[in-house]
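Only one structure is covered here, and it is reproduced in the block below.
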Amino acid sequence: MATPAILLFAVTCLAHIIPGSRGGDGNGNANNHESHDFVRGSIIDEDEYNVPLDHRHNRGHQHQPEHGGSGNTNNSPSSKSQGVEDGSDFDFYVYSMSYQPEFCQANNEKFAGCHNPKEAWEGQLTIHGLWPNRYDGSWPSDCSDESFDLSLLQDVAGDLEKNWPNVKSPAASSGHASFWSHEWSKHGTCSGLTQQDYFMTALDLLLPTPSIVKEKYGSVASREDLEKGYLGSDMSVFVCKRGYLSEVRVCFEKMEDGSPGERVSCPATLLKADSCGDEINIASFDSKVTPVVA
């Protein structure tokens with residue numbers, strides 16, 4: 001009969017031989033999806049629109065968090081997918097818009113753009129990204145090595161700075177372009193569109209923010225009023241953080257040529273990302289609003 005010491009030694013050896021036991025990943029980490037939020041079964045990188053100024057691109061970062069894991073779900077193709085070039089490797093587009101005052105408030109106004117915001121940001125959501133997505137909740141990512149070329153966008157650079165900003169960046173710095181480069185590399189390369197078409201299309205798709213956001217700036221808006229402004233509950237996804245409006249995501253059909261078409265209802269898997277209650281706090285720059293608990 002084995003002694004207790006021998007039994008303890010055997011159990012210890014087995015624990016080292018069998019990785020992932022106790023719900024871990026073999027590296028001492030729990031399997032918690034890296035604390036990512038799930039959207040439509042896909043994952044989104046919550047702070048993707050606030051990329052670092054050194055533009056550290058996280059290949060394999062999944063979408064909606066904010067796109068975790070490998071950039072694709074387990075049953076999806078590799079990130080450099082077959083068929084991407086002809087616009088066939090996804091089903092529809094997610095168009096995400098960010099509310100900059102909420103990001104600034106959440107980060108204690110520490111970024112340069114928070115102290116000198118454009119007036120339009122007080123009542124208008126700005127572009128986060130145009131993301132090819134699949135109905136099964138996965139998405140293609142980093143589909144080619146085509147480098148971002150700012151010189152191709154000189155005609156719309158002013159519109160991009162206003163409507164697709166990176167508030168971490170000081171005015172007139174390269175920080176805005178680092179954000180655009182990130183979005184192009186991760187998502188635009190999977191659209192089948194040229195760089196000019198991708199960015200100009202994204203600018204054209206920016207929806208007018210419902211007037212209720214400006215009216216309730218620094219106050220509280222009803223979800224019902226916001227939904228009316230975005231055409232109904234299944235036509236938009238409201239993302240809140242601490243009770244404050246952070247993002248609005250809408251869906252566009254994919255046309256035969258791979259370009260975005262008409263707005264469509266969002267699939268149920270995407271609607272799962274909705275995290276706002278019946279009353280939604282609308283942050284303001286330098287505001288100290290007591291949030292409504294959803």
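Going by the structure tokens order, chains are called A, B, ..., each with residues numbered from 1, while ligands are numbered from 1 in the order shown.
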For this session: Taking the DSSP assignment computed from this structure's backbone, write out as a ChimeraX atom specification all residues of region 118-271 of chain A that belong to strand (DSSP E).
Result: /A:126-133,220-222,237-241,244-254,260-264
Exercise. Residues at most 8 Å from Leu125 (chain A), counting only C-alpha atoms, excluding those fewer than 2 positions away in the same chain, as a PyMOL selection string?
Worked result: chain A and resi 97-100+121+123+127+209+247
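Going from CA of Glu227 (chain A) to CA of Tyr198 (chain A) covers 27.3 Å.
The two atoms in question, CA of Ser178 (chain A) and CA of Leu150 (chain A), are spaced 9.8 Å apart.
Atom pair CA of Arg263 (chain A) / CA of Arg134 (chain A): separated by 15.6 Å.
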Problem set entry | Near-Lys216 (chain A) list (10 Å; only C-alpha atoms; drop same-chain fewer than 5 positions) as a ChimeraX atom specification | /A:123,211,221-222,280-284
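The residue that comes closest to Gly113 (chain A), out of A:Pro208, A:Gly277, A:Pro165, A:Gly258 and on the basis of only C-alpha atoms, is A:Pro165.
When the distance limit is 6 Å and only C-alpha atoms are what count, the residues near Cys240 (chain A), minus those fewer than 5 positions from it on the same chain, are Leu245, Ser246, Ser275 and Cys276 of chain A.
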Problem set entry | Asp204 (chain A) environment, 12 Å, only C-alpha atoms, sequence neighbours closer than 2 positions dropped, as a PyMOL selection string | chain A and resi 95+127+130+156+159-160+163-164+197-202+206-208+260-261
Any chance you could export the current selection's N, CA and C atoms as an mmCIF file, in the first residue's frame?
```cif
data_model
loop_
_atom_site.group_PDB
_atom_site.id
_atom_site.type_symbol
_atom_site.label_atom_id
_atom_site.label_comp_id
_atom_site.auth_asym_id
_atom_site.auth_seq_id
_atom_site.Cartn_x
_atom_site.Cartn_y
_atom_site.Cartn_z
ATOM 1 N N TYR A 95 -21.198 48.746 -38.122
ATOM 2 C CA TYR A 95 -20.693 50.120 -38.144
ATOM 3 C C TYR A 95 -20.804 50.651 -36.730
ATOM 4 N N ILE A 127 -16.868 58.119 -35.550
ATOM 5 C CA ILE A 127 -16.652 56.780 -36.109
ATOM 6 C C ILE A 127 -15.659 55.983 -35.265
ATOM 7 N N LEU A 130 -15.654 50.433 -39.335
ATOM 8 C CA LEU A 130 -16.521 49.708 -40.257
ATOM 9 C C LEU A 130 -15.969 48.300 -40.346
ATOM 10 N N VAL A 156 -9.626 63.969 -47.749
ATOM 11 C CA VAL A 156 -10.642 63.812 -46.702
ATOM 12 C C VAL A 156 -10.024 63.838 -45.318
ATOM 13 N N ASP A 159 -11.996 65.819 -42.715
ATOM 14 C CA ASP A 159 -13.223 65.125 -42.309
ATOM 15 C C ASP A 159 -12.909 63.956 -41.389
ATOM 16 N N LEU A 160 -11.805 63.271 -41.650
ATOM 17 C CA LEU A 160 -11.425 62.153 -40.797
ATOM 18 C C LEU A 160 -11.058 62.626 -39.389
ATOM 19 N N ASN A 163 -14.424 63.520 -37.700
ATOM 20 C CA ASN A 163 -15.433 62.468 -37.534
ATOM 21 C C ASN A 163 -14.873 61.095 -37.174
ATOM 22 N N TRP A 164 -13.540 60.930 -37.201
ATOM 23 C CA TRP A 164 -12.921 59.648 -36.865
ATOM 24 C C TRP A 164 -11.686 59.929 -36.008
ATOM 25 N N ASP A 197 -11.805 53.950 -50.937
ATOM 26 C CA ASP A 197 -13.222 53.595 -50.859
ATOM 27 C C ASP A 197 -13.630 53.219 -49.443
ATOM 28 N N TYR A 198 -12.741 52.514 -48.722
ATOM 29 C CA TYR A 198 -13.058 52.095 -47.357
ATOM 30 C C TYR A 198 -13.289 53.305 -46.458
ATOM 31 N N PHE A 199 -12.369 54.266 -46.493
ATOM 32 C CA PHE A 199 -12.493 55.417 -45.594
ATOM 33 C C PHE A 199 -13.571 56.390 -46.047
ATOM 34 N N MET A 200 -13.705 56.598 -47.334
ATOM 35 C CA MET A 200 -14.754 57.491 -47.802
ATOM 36 C C MET A 200 -16.133 56.905 -47.556
ATOM 37 N N THR A 201 -16.258 55.586 -47.706
ATOM 38 C CA THR A 201 -17.528 54.925 -47.414
ATOM 39 C C THR A 201 -17.882 55.061 -45.941
ATOM 40 N N ALA A 202 -16.891 54.855 -45.072
ATOM 41 C CA ALA A 202 -17.132 54.984 -43.635
ATOM 42 C C ALA A 202 -17.579 56.393 -43.281
ATOM 43 N N LEU A 206 -21.651 57.652 -41.718
ATOM 44 C CA LEU A 206 -21.844 58.200 -40.370
ATOM 45 C C LEU A 206 -23.261 58.753 -40.219
ATOM 46 N N LEU A 207 -23.995 58.225 -39.250
ATOM 47 C CA LEU A 207 -25.386 58.623 -39.048
ATOM 48 C C LEU A 207 -25.481 59.904 -38.238
ATOM 49 N N PRO A 208 -26.446 60.745 -38.541
ATOM 50 C CA PRO A 208 -26.694 61.888 -37.662
ATOM 51 C C PRO A 208 -27.071 61.386 -36.270
ATOM 52 N N PRO A 260 -20.819 48.204 -48.486
ATOM 53 C CA PRO A 260 -22.012 48.289 -47.650
ATOM 54 C C PRO A 260 -23.213 48.791 -48.459
ATOM 55 N N GLY A 261 -24.383 48.209 -48.164
ATOM 56 C CA GLY A 261 -25.610 48.635 -48.804
ATOM 57 C C GLY A 261 -26.520 49.359 -47.843
#
```
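Using only C-alpha atoms, the smallest distance between any of A:Glu161, A:Glu279, A:Asp274, A:Asp145 and Ser219 (chain A) comes from A:Glu279.
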Seminar exercise, completed: Gly243 (chain A) proximity check over A:Val220, A:Leu270, A:Ala120, A:Val94, using only C-alpha atoms: winner is A:Val220
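Residues in contact range of Lys254 (chain A), defined as at most 9 Å between only C-alpha atoms, with sequence neighbours fewer than 5 positions away removed, read Gly87, Phe90, Asp91, Phe92, Tyr93, Pro132, Ser259, Pro260, Gly261 and Glu262 of chain A.
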Given the selection you just returned, output its residues as a file containing N, CA and C atoms, formatted as a JSON list (two decimals), in the first residue's frame.
```json
[["chain", "number", "residue", "atom", "x", "y", "z"],
["A", 87, "GLY", "N", -14.37, 40.06, -51.50],
["A", 87, "GLY", "CA", -15.45, 40.47, -50.63],
["A", 87, "GLY", "C", -16.42, 39.37, -50.28],
["A", 90, "PHE", "N", -17.37, 37.34, -45.62],
["A", 90, "PHE", "CA", -18.17, 37.84, -44.51],
["A", 90, "PHE", "C", -19.59, 38.08, -45.01],
["A", 91, "ASP", "N", -20.50, 38.35, -44.06],
["A", 91, "ASP", "CA", -21.92, 38.42, -44.42],
["A", 91, "ASP", "C", -22.53, 39.81, -44.38],
["A", 92, "PHE", "N", -22.03, 40.66, -43.50],
["A", 92, "PHE", "CA", -22.60, 42.00, -43.35],
["A", 92, "PHE", "C", -21.56, 42.88, -42.66],
["A", 93, "TYR", "N", -21.90, 44.15, -42.51],
["A", 93, "TYR", "CA", -21.00, 45.08, -41.84],
["A", 93, "TYR", "C", -21.59, 45.54, -40.51],
["A", 132, "PRO", "N", -16.28, 44.23, -41.25],
["A", 132, "PRO", "CA", -16.88, 43.04, -41.84],
["A", 132, "PRO", "C", -17.16, 42.00, -40.76],
["A", 259, "SER", "N", -19.29, 46.00, -50.99],
["A", 259, "SER", "CA", -19.47, 47.30, -50.34],
["A", 259, "SER", "C", -20.72, 47.29, -49.47],
["A", 260, "PRO", "N", -20.82, 48.20, -48.49],
["A", 260, "PRO", "CA", -22.01, 48.29, -47.65],
["A", 260, "PRO", "C", -23.21, 48.79, -48.46],
["A", 261, "GLY", "N", -24.38, 48.21, -48.16],
["A", 261, "GLY", "CA", -25.61, 48.64, -48.80],
["A", 261, "GLY", "C", -26.52, 49.36, -47.84],
["A", 262, "GLU", "N", -27.77, 48.92, -47.75],
["A", 262, "GLU", "CA", -28.75, 49.56, -46.88],
["A", 262, "GLU", "C", -28.58, 49.12, -45.43]]
```
